[in-house]
$ cat upload.txt   # compact mmCIF, C-alpha atoms and all ligand atoms
# COMPACT_ATOMS: atom_id res chain seq x y z
CA MET A 1 225.59 -97.18 206.93
CA GLY A 2 223.92 -99.25 209.62
CA GLN A 3 220.75 -98.69 211.57
CA ARG A 4 220.38 -96.46 214.61
CA ALA A 5 221.61 -99.26 216.83
CA GLU A 6 222.39 -102.93 216.25
CA VAL A 7 223.30 -105.94 218.31
CA HIS A 8 225.74 -108.12 216.40
CA VAL A 9 225.69 -111.75 217.46
CA ASP A 10 228.55 -114.04 216.47
CA LEU A 11 226.93 -117.49 216.30
CA GLY A 12 230.35 -118.97 215.51
CA ALA A 13 231.50 -117.80 218.93
CA ILE A 14 228.52 -119.50 220.59
CA ALA A 15 229.29 -122.72 218.70
CA SER A 16 232.93 -122.53 219.73
CA ASN A 17 232.04 -121.89 223.40
CA ILE A 18 229.72 -124.90 223.52
CA LYS A 19 232.36 -127.11 221.92
CA LYS A 20 234.94 -125.84 224.41
CA ILE A 21 232.72 -126.80 227.37
CA ARG A 22 231.78 -130.11 225.79
CA GLY A 23 235.46 -130.92 225.48
CA ASN A 24 235.80 -130.68 229.27
CA THR A 25 232.94 -132.92 230.32
CA GLU A 26 231.34 -136.30 229.77
CA ALA A 27 227.98 -134.72 230.54
CA GLU A 28 225.51 -133.51 227.96
CA VAL A 29 224.84 -129.81 227.54
CA LEU A 30 221.52 -128.09 228.16
CA ALA A 31 221.67 -124.67 226.51
CA VAL A 32 220.04 -122.02 228.68
CA VAL A 33 218.21 -119.65 226.33
CA LYS A 34 215.96 -117.81 228.76
CA ALA A 35 215.56 -114.03 228.54
CA ASN A 36 215.84 -114.00 224.75
CA ALA A 37 219.00 -116.11 225.01
CA TYR A 38 220.59 -113.59 227.39
CA GLY A 39 219.69 -110.91 224.88
CA HIS A 40 221.28 -112.70 221.92
CA GLY A 41 217.99 -113.82 220.32
CA LEU A 42 216.03 -116.91 221.32
CA ILE A 43 215.54 -118.83 218.08
CA PRO A 44 218.87 -118.31 216.28
CA VAL A 45 220.80 -119.12 219.46
CA ALA A 46 218.69 -122.20 220.22
CA ASN A 47 219.25 -123.54 216.71
CA CYS A 48 222.97 -122.78 216.87
CA ALA A 49 223.31 -124.47 220.27
CA LEU A 50 221.58 -127.63 219.06
CA GLU A 51 223.74 -127.71 215.92
CA SER A 52 226.81 -127.35 218.16
CA GLY A 53 226.02 -130.41 220.25
CA ALA A 54 223.70 -129.19 222.98
CA THR A 55 221.00 -131.84 223.42
CA TRP A 56 218.56 -129.96 225.65
CA LEU A 57 217.21 -126.43 225.94
CA GLY A 58 216.20 -124.66 229.13
CA VAL A 59 214.15 -121.52 229.68
CA ALA A 60 212.59 -119.80 232.65
CA LEU A 61 209.14 -119.01 231.24
CA LEU A 62 206.50 -121.01 229.46
CA GLU A 63 206.07 -118.25 226.88
CA GLU A 64 209.74 -118.73 225.97
CA ALA A 65 209.20 -122.46 225.66
CA PHE A 66 206.10 -121.92 223.49
CA ALA A 67 208.09 -119.63 221.18
CA LEU A 68 210.71 -122.35 220.70
CA ARG A 69 208.07 -124.92 219.81
CA GLU A 70 206.30 -122.45 217.50
CA ALA A 71 209.61 -122.03 215.67
CA GLY A 72 209.59 -125.77 215.01
CA ILE A 73 212.27 -126.69 217.53
CA SER A 74 211.48 -130.14 218.87
CA ALA A 75 214.51 -130.77 221.12
CA PRO A 76 213.94 -131.75 224.77
CA LEU A 77 213.03 -128.58 226.60
CA ILE A 78 212.43 -127.60 230.19
CA ALA A 79 210.78 -124.47 231.63
CA TRP A 80 211.55 -123.99 235.32
CA LEU A 81 209.55 -120.94 236.38
CA THR A 82 205.91 -121.75 235.94
CA PRO A 83 203.52 -120.27 238.53
CA LEU A 84 200.18 -121.97 239.13
CA GLY A 85 197.55 -120.72 236.71
CA GLU A 86 199.79 -120.91 233.65
CA ASP A 87 198.87 -122.99 230.64
CA PHE A 88 200.22 -126.38 231.73
CA SER A 89 197.95 -128.14 229.22
CA ARG A 90 199.63 -126.41 226.31
CA ALA A 91 203.03 -127.18 227.79
CA ILE A 92 202.17 -130.86 228.09
CA GLU A 93 200.77 -130.98 224.57
CA LEU A 94 203.96 -129.41 223.23
CA ASN A 95 206.23 -131.84 225.13
CA ILE A 96 207.64 -129.16 227.36
CA ASP A 97 209.07 -130.51 230.61
CA LEU A 98 207.96 -128.67 233.72
CA SER A 99 209.77 -128.13 236.96
CA LEU A 100 208.11 -129.11 240.19
CA ALA A 101 208.74 -127.71 243.66
CA SER A 102 205.45 -128.08 245.49
CA ILE A 103 202.62 -130.54 245.94
CA ASP A 104 200.30 -127.82 244.59
CA HIS A 105 202.24 -127.91 241.35
CA ALA A 106 202.17 -131.70 241.25
CA ARG A 107 198.36 -131.58 241.53
CA ALA A 108 197.89 -128.85 238.93
CA ILE A 109 200.24 -130.43 236.40
CA GLU A 110 198.77 -133.89 236.96
CA SER A 111 195.27 -132.54 236.48
CA ALA A 112 196.23 -130.83 233.21
CA GLY A 113 197.79 -134.11 232.03
CA LYS A 114 194.70 -136.14 232.95
CA SER A 115 192.39 -133.96 230.91
CA LEU A 116 194.68 -134.49 227.92
CA GLY A 117 195.17 -138.18 228.57
CA LYS A 118 198.92 -137.56 228.58
CA LYS A 119 201.45 -138.10 231.35
CA PRO A 120 203.29 -134.83 232.07
CA ARG A 121 207.10 -134.85 232.15
CA VAL A 122 208.47 -133.15 235.25
CA HIS A 123 211.80 -132.38 236.89
CA ILE A 124 211.74 -132.21 240.67
CA GLU A 125 213.63 -129.19 241.93
CA PHE A 126 215.34 -129.53 245.30
CA ASP A 127 216.49 -126.54 247.33
CA SER A 128 219.93 -127.71 248.44
CA GLY A 129 220.94 -124.31 249.80
CA MET A 130 220.11 -121.62 247.25
CA GLY A 131 217.03 -120.59 249.27
CA ARG A 132 215.09 -119.72 246.12
CA GLY A 133 213.21 -122.33 244.09
CA GLY A 134 212.89 -125.99 244.98
CA PHE A 135 211.47 -128.21 247.72
CA THR A 136 212.95 -127.59 251.16
CA GLU A 137 214.10 -130.77 252.91
CA GLU A 138 210.89 -130.80 254.98
CA ASP A 139 208.57 -130.27 252.03
CA PHE A 140 210.48 -132.85 250.03
CA THR A 141 209.95 -135.49 252.70
CA GLU A 142 206.25 -134.69 252.67
CA PHE A 143 206.18 -134.86 248.87
CA LEU A 144 207.91 -138.23 248.84
CA GLU A 145 205.05 -139.73 250.83
CA VAL A 146 202.65 -138.99 247.98
CA ALA A 147 204.98 -138.77 244.96
CA ASN A 148 204.01 -142.22 243.69
CA THR A 149 200.32 -141.39 243.74
CA PHE A 150 200.71 -138.75 241.04
CA GLU A 151 200.45 -139.63 237.39
CA LEU A 152 203.60 -137.81 236.51
CA ASP A 153 206.65 -138.91 234.58
CA TYR A 154 209.60 -138.05 236.83
CA ILE A 155 212.24 -137.26 234.23
CA GLY A 156 214.66 -135.18 236.22
CA PHE A 157 215.94 -134.25 239.65
CA TRP A 158 217.81 -130.99 239.97
CA THR A 159 219.10 -128.15 242.06
CA HIS A 160 220.80 -124.80 241.52
CA PHE A 161 224.01 -123.47 243.10
CA ALA A 162 224.18 -120.13 244.89
CA ARG A 163 227.96 -119.68 244.95
CA ALA A 164 229.52 -121.92 242.29
CA ASP A 165 231.10 -118.80 240.74
CA GLU A 166 233.38 -118.65 243.79
CA PRO A 167 235.09 -121.98 243.11
CA GLU A 168 236.58 -122.57 246.58
CA ARG A 169 233.40 -121.98 248.58
CA PRO A 170 232.42 -124.85 250.90
CA GLU A 171 228.73 -123.93 250.46
CA THR A 172 228.79 -125.64 247.07
CA ASP A 173 230.13 -128.88 248.61
CA SER A 174 227.37 -128.65 251.18
CA GLN A 175 224.74 -128.18 248.47
CA ILE A 176 226.02 -131.28 246.65
CA THR A 177 225.90 -133.32 249.89
CA HIS A 178 222.31 -132.26 250.61
CA PHE A 179 221.30 -132.90 247.02
CA ASP A 180 222.79 -136.39 246.99
CA ALA A 181 221.04 -137.26 250.25
CA ALA A 182 217.73 -136.15 248.75
CA LEU A 183 218.45 -138.11 245.56
CA ALA A 184 219.03 -141.22 247.67
CA GLN A 185 215.67 -140.62 249.39
CA LEU A 186 213.99 -140.25 246.03
CA LYS A 187 215.48 -143.54 244.82
CA SER A 188 214.37 -145.34 247.98
CA ALA A 189 210.89 -144.13 247.18
CA GLY A 190 211.24 -145.99 243.90
CA ILE A 191 211.73 -142.95 241.68
CA ASN A 192 214.79 -143.07 239.43
CA PRO A 193 214.94 -139.97 237.25
CA GLN A 194 216.90 -140.38 234.05
CA LEU A 195 218.37 -136.91 234.31
CA VAL A 196 220.21 -135.48 237.31
CA HIS A 197 221.39 -131.91 236.94
CA LEU A 198 223.05 -129.36 239.18
CA ALA A 199 225.73 -127.44 237.30
CA ASN A 200 225.43 -123.94 235.87
CA SER A 201 228.28 -122.44 233.81
CA ALA A 202 230.50 -121.86 236.83
CA ALA A 203 230.15 -125.45 238.04
CA ALA A 204 230.52 -126.74 234.48
CA GLN A 205 233.93 -125.08 234.52
CA THR A 206 235.09 -125.83 238.04
CA ARG A 207 233.20 -128.81 239.50
CA ILE A 208 233.37 -131.98 237.45
CA GLY A 209 231.77 -133.87 240.36
CA ALA A 210 228.61 -131.84 239.87
CA HIS A 211 228.22 -132.45 236.14
CA ARG A 212 226.24 -135.71 236.41
CA ASN A 213 224.09 -136.29 233.29
CA ILE A 214 223.90 -132.77 232.01
CA VAL A 215 225.18 -129.25 232.68
CA ARG A 216 222.93 -126.21 232.30
CA LEU A 217 225.07 -123.84 230.33
CA GLY A 218 224.17 -120.15 230.35
CA ILE A 219 226.66 -117.29 230.50
CA SER A 220 229.68 -119.31 229.30
CA MET A 221 227.87 -120.23 226.13
CA TYR A 222 227.71 -116.50 225.37
CA GLY A 223 231.47 -116.25 225.93
CA LEU A 224 231.39 -114.51 229.29
CA SER A 225 232.77 -115.45 232.67
CA PRO A 226 230.38 -116.30 235.51
CA ASP A 227 232.48 -114.06 237.77
CA VAL A 228 235.44 -112.09 236.46
CA THR A 229 236.85 -111.50 239.94
CA SER A 230 236.98 -115.10 241.13
CA MET A 231 237.24 -116.94 237.80
CA GLY A 232 238.93 -114.48 235.45
CA SER A 233 237.58 -113.12 232.17
CA GLY A 234 235.75 -115.13 229.54
CA GLU A 235 238.81 -114.95 227.30
CA SER A 236 241.02 -116.36 230.08
CA LEU A 237 238.59 -119.29 230.26
CA GLY A 238 239.01 -119.88 226.53
CA LEU A 239 235.64 -118.40 225.63
CA ILE A 240 234.73 -115.90 222.91
CA PRO A 241 232.15 -113.19 223.70
CA ALA A 242 229.34 -113.44 221.16
CA MET A 243 227.71 -110.03 221.47
CA SER A 244 228.86 -106.66 220.25
CA VAL A 245 226.79 -103.51 220.00
CA VAL A 246 227.16 -100.70 217.49
CA ALA A 247 225.21 -97.46 217.19
CA THR A 248 225.05 -94.48 214.91
CA LEU A 249 226.20 -90.98 215.79
CA ALA A 250 222.97 -89.01 215.48
CA LEU A 251 224.94 -85.79 215.64
CA VAL A 252 228.58 -84.73 215.81
CA LYS A 253 229.45 -81.20 216.94
CA LYS A 254 232.34 -79.05 218.12
CA VAL A 255 231.93 -77.39 221.54
CA LYS A 256 234.01 -75.13 223.78
CA ALA A 257 235.79 -76.06 226.98
CA GLY A 258 233.48 -75.75 229.98
CA THR A 259 230.33 -76.91 228.15
CA PRO A 260 227.94 -78.79 230.48
CA VAL A 261 226.55 -81.93 228.83
CA GLY A 262 223.15 -83.53 229.44
CA TYR A 263 220.74 -83.66 232.39
CA GLY A 264 222.06 -82.18 235.59
CA GLY A 265 225.12 -80.83 233.85
CA VAL A 266 227.18 -83.53 235.54
CA GLY A 267 229.59 -83.80 232.59
CA VAL A 268 231.52 -80.72 231.59
CA THR A 269 234.06 -80.59 228.74
CA SER A 270 237.56 -79.82 229.96
CA VAL A 271 238.88 -78.59 226.59
CA ASP A 272 237.45 -77.50 223.25
CA THR A 273 236.32 -80.83 221.85
CA THR A 274 234.01 -82.87 219.61
CA LEU A 275 230.84 -84.38 221.08
CA GLY A 276 229.15 -87.38 219.53
CA ILE A 277 225.48 -88.01 220.29
CA VAL A 278 224.98 -91.78 220.30
CA ALA A 279 221.51 -92.99 219.37
CA MET A 280 221.02 -95.40 222.28
CA GLY A 281 219.85 -94.76 225.81
CA TYR A 282 218.51 -96.42 228.90
CA SER A 283 215.32 -97.48 227.16
CA ASP A 284 217.61 -99.54 224.90
CA GLY A 285 219.26 -101.08 227.93
CA ILE A 286 222.24 -98.78 228.38
CA PRO A 287 222.44 -98.39 232.16
CA ARG A 288 221.70 -94.80 233.20
CA ASN A 289 224.47 -94.80 235.77
CA THR A 290 227.27 -95.92 233.43
CA SER A 291 230.40 -93.90 234.19
CA SER A 292 232.92 -92.37 231.81
CA ALA A 293 235.14 -95.42 232.37
CA VAL A 294 233.57 -96.69 229.11
CA GLY A 295 231.97 -95.20 226.04
CA VAL A 296 232.41 -95.98 222.37
CA THR A 297 235.26 -96.74 220.00
CA PHE A 298 235.49 -94.91 216.67
CA HIS A 299 238.18 -95.95 214.18
CA GLY A 300 240.08 -97.60 217.03
CA VAL A 301 239.98 -94.53 219.28
CA LYS A 302 238.13 -94.70 222.58
CA ALA A 303 235.65 -91.93 223.35
CA PRO A 304 234.32 -91.91 226.92
CA ILE A 305 230.76 -91.15 227.95
CA ILE A 306 230.28 -87.58 229.10
CA GLY A 307 227.29 -86.66 231.27
CA ARG A 308 224.31 -88.81 232.15
CA VAL A 309 222.84 -91.40 229.84
CA SER A 310 219.35 -90.26 228.67
CA MET A 311 216.38 -92.38 227.64
CA ASP A 312 217.26 -92.70 223.93
CA GLN A 313 220.74 -91.24 223.68
CA PHE A 314 224.02 -90.57 225.39
CA VAL A 315 226.94 -88.31 224.60
CA VAL A 316 230.60 -89.23 224.14
CA ASP A 317 233.69 -87.04 224.00
CA LEU A 318 235.31 -87.87 220.69
CA GLY A 319 238.29 -85.59 221.36
CA PRO A 320 239.41 -82.27 219.84
CA GLY A 321 240.79 -83.67 216.61
CA SER A 322 238.02 -86.18 215.83
CA GLU A 323 237.01 -86.58 212.23
CA ALA A 324 233.78 -88.37 213.05
CA LYS A 325 230.78 -87.23 211.02
CA ASN A 326 227.02 -87.32 211.42
CA GLY A 327 225.84 -90.85 210.76
CA ASP A 328 229.14 -92.62 211.47
CA GLN A 329 228.89 -95.91 213.30
CA VAL A 330 230.60 -96.42 216.66
CA LEU A 331 231.27 -99.56 218.70
CA LEU A 332 229.94 -99.66 222.28
CA PHE A 333 231.40 -103.03 223.17
CA GLY A 334 232.95 -105.89 221.28
CA ALA A 335 236.25 -106.90 219.73
CA GLY A 336 238.47 -103.86 219.20
CA GLY A 337 236.52 -101.76 221.69
CA TYR A 338 235.49 -101.81 225.31
CA SER A 339 234.56 -105.23 226.69
CA ILE A 340 231.21 -106.25 228.14
CA ASP A 341 233.02 -106.77 231.45
CA GLU A 342 234.32 -103.18 231.35
CA TRP A 343 230.77 -101.94 230.71
CA ALA A 344 229.53 -104.03 233.63
CA GLU A 345 232.14 -102.58 235.95
CA ALA A 346 231.45 -99.02 234.80
CA SER A 347 227.73 -99.59 235.47
CA LYS A 348 228.26 -101.33 238.84
CA THR A 349 226.64 -104.51 237.60
CA ILE A 350 227.60 -107.88 236.08
CA ASN A 351 228.10 -108.97 232.47
CA TYR A 352 224.86 -111.01 232.66
CA GLU A 353 222.86 -107.83 233.10
CA ILE A 354 224.64 -105.83 230.38
CA VAL A 355 223.77 -108.36 227.65
CA THR A 356 220.34 -109.33 228.96
CA ARG A 357 219.01 -105.82 229.26
CA ILE A 358 219.65 -104.72 225.66
CA ALA A 359 216.08 -103.99 224.61
CA SER A 360 214.22 -106.01 222.03
CA ARG A 361 213.68 -102.82 220.01
CA VAL A 362 217.35 -103.03 219.02
CA PRO A 363 217.63 -105.39 216.03
CA ARG A 364 219.86 -108.47 216.28
CA ILE A 365 222.13 -109.11 213.33
CA TYR A 366 223.66 -112.55 212.95
CA GLY A 367 227.03 -113.45 211.56
C1 LIG B 1 219.99 -119.07 234.37
C2 LIG B 1 220.11 -120.45 234.89
C3 LIG B 1 221.22 -121.24 234.57
C4 LIG B 1 222.41 -120.73 233.80
O1 LIG B 1 223.25 -120.02 234.69
P1 LIG B 1 224.65 -119.46 234.16
O2 LIG B 1 225.30 -118.91 235.37
O3 LIG B 1 224.32 -118.38 233.19
O4 LIG B 1 225.34 -120.59 233.53
C5 LIG B 1 221.21 -122.56 234.96
N1 LIG B 1 220.17 -123.07 235.66
C6 LIG B 1 219.12 -122.32 236.03
C7 LIG B 1 218.03 -122.93 236.81
C8 LIG B 1 219.05 -120.99 235.66
O5 LIG B 1 218.00 -120.25 236.03
$ encode --input "upload.txt" --output "structure tokens"
Amino acid sequence: MGQRAEVHVDLGAIASNIKKIRGNTEAEVLAVVKANAYGHGLIPVANCALESGATWLGVALLEEAFALREAGISAPLIAWLTPLGEDFSRAIELNIDLSLASIDHARAIESAGKSLGKKPRVHIEFDSGMGRGGFTEEDFTEFLEVANTFELDYIGFWTHFARADEPERPETDSQITHFDAALAQLKSAGINPQLVHLANSAAAQTRIGAHRNIVRLGISMYGLSPDVTSMGSGESLGLIPAMSVVATLALVKKVKAGTPVGYGGVGVTSVDTTLGIVAMGYSDGIPRNTSSAVGVTFHGVKAPIIGRVSMDQFVVDLGPGSEAKNGDQVLLFGAGGYSIDEWAEASKTINYEIVTRIASRVPRIYG
């Protein structure tokens, strides 16, 4: 019998997904392992990705980068969300590349490097149309006037796409055009970064022209599609989903037709049936608004959610003839059960959020 709830991570699937993407590109692969490797577990996934041919790692936060270094992982590593005031010195000491999108950052990172007597490695982020991180065209022009005065090692130049998951969108072409113009400006200023990177998973799959030196591979590495509507499912892209979730039935009981279930009484049994109380709830990352379009699978039989998801538990309708017992294990999503994409649809969200939000209190089991 398993634990209350478990996330099962198939590292073989992650290895296969990376190899699949590598087979389609000349570019190197940077494995994006932010947010606890999209919920799959930072260190095991990082090691697996590197063993499967990824040459770089990328994270959002410095604390994630520090955890990788503390685990003894020495691969090239970039952290791209580093507000002023964070521990740049430690990052520089640990050979963590930093992203740069303002002159303020250039000053702060340079100053941390100077006090260590070490030249910081930075990647300049350009906002080519995402409207989020990165230098705007105006700010970039201003930066270029002083870029050579900073004691910084300009390793990379990069941008991020807003709509690459809709393969036909002209906005992506426009982002590439703006990016290339900025890259030309950078080169005229005498700065020739060794690494130029634009592509996320969607662009890695659909835009060879955007691959350049390296693709930043996130969701596809985990076997999921960047957008099931416009690109099809992960499986149709030749990917294997790596995560499945199982939980224990804390209680199984027979109830009469017309029984209201859970807060608000929004679920009511239509026949005499068997309820299963699943030991996972919204504090574990199960979205509270998930509909009865999904639920669990027990011995190959689907049992939909009934009523609202609570903080630590939710209830499924196992059906009148169910032979489930207290303590049996059920599958929430994974091979042989509902898919992560079905859970996303039933929760009005995207597959990224379903996997990422599974709480760290749920143990990860690797196979
Ligand atoms: C998260 C992230 C990625 C990966 O995106 P996917 O769509 O999951 O492939 C790539 N680059 C940056 C900057 C990111 O923040």
$ residues_around --input "upload.txt" --residues "range 340-350 of chain A" --least-positions-apart "6" --cutoff "8 Å" --atoms "only C-alpha atoms" --output "compact mmCIF listing (two decimals) with C-alpha atoms, in the coordinates of the input"
# COMPACT_ATOMS: atom_id res chain seq x y z
CA VAL A 228 235.44 -112.09 236.46
CA SER A 233 237.58 -113.12 232.17
CA PRO A 287 222.44 -98.39 232.16
CA ASN A 289 224.47 -94.80 235.77
CA THR A 290 227.27 -95.92 233.43
CA SER A 291 230.40 -93.90 234.19
CA SER A 292 232.92 -92.37 231.81
CA ALA A 293 235.14 -95.42 232.37
CA VAL A 294 233.57 -96.69 229.11
CA PHE A 333 231.40 -103.03 223.17
CA GLY A 334 232.95 -105.89 221.28
$ closest_residue --input "upload.txt" --among "A:Pro167, A:Leu251, A:Asp104, A:Ser322" --to "Ile208 in chain A" --atoms "only C-alpha atoms"
A:Pro167
$ axis_aligned_box --input "upload.txt" --around "ligand LIG 1 (chain B)" --padding-each-side "4 Å" --output "AutoDock Vina command-line options"
--center_x 221.7 --center_y -120.7 --center_z 235.0 --size_x 15.3 --size_y 12.7 --size_z 11.6
$ residues_near_ligand --input "upload.txt" --ligand "ligand LIG 1 (chain B)" --cutoff "10 Å" --atoms "all atoms listed in the file" --output "VMD selection string"
chain A and resid 30 to 35 37 to 38 58 to 60 78 to 81 99 125 133 158 to 165 197 to 205 215 to 222 224 to 227 352
$ atom_distance --input "upload.txt" --atom1 "CA of Ile155 in chain A" --atom2 "CA of Pro193 in chain A"
4.9 Å
$ closest_residue --input "upload.txt" --among "A:Asp127, A:Glu323, A:Glu138, A:Glu64" --to "Ala46 in chain A" --atoms "all atoms listed in the file"
A:Glu64
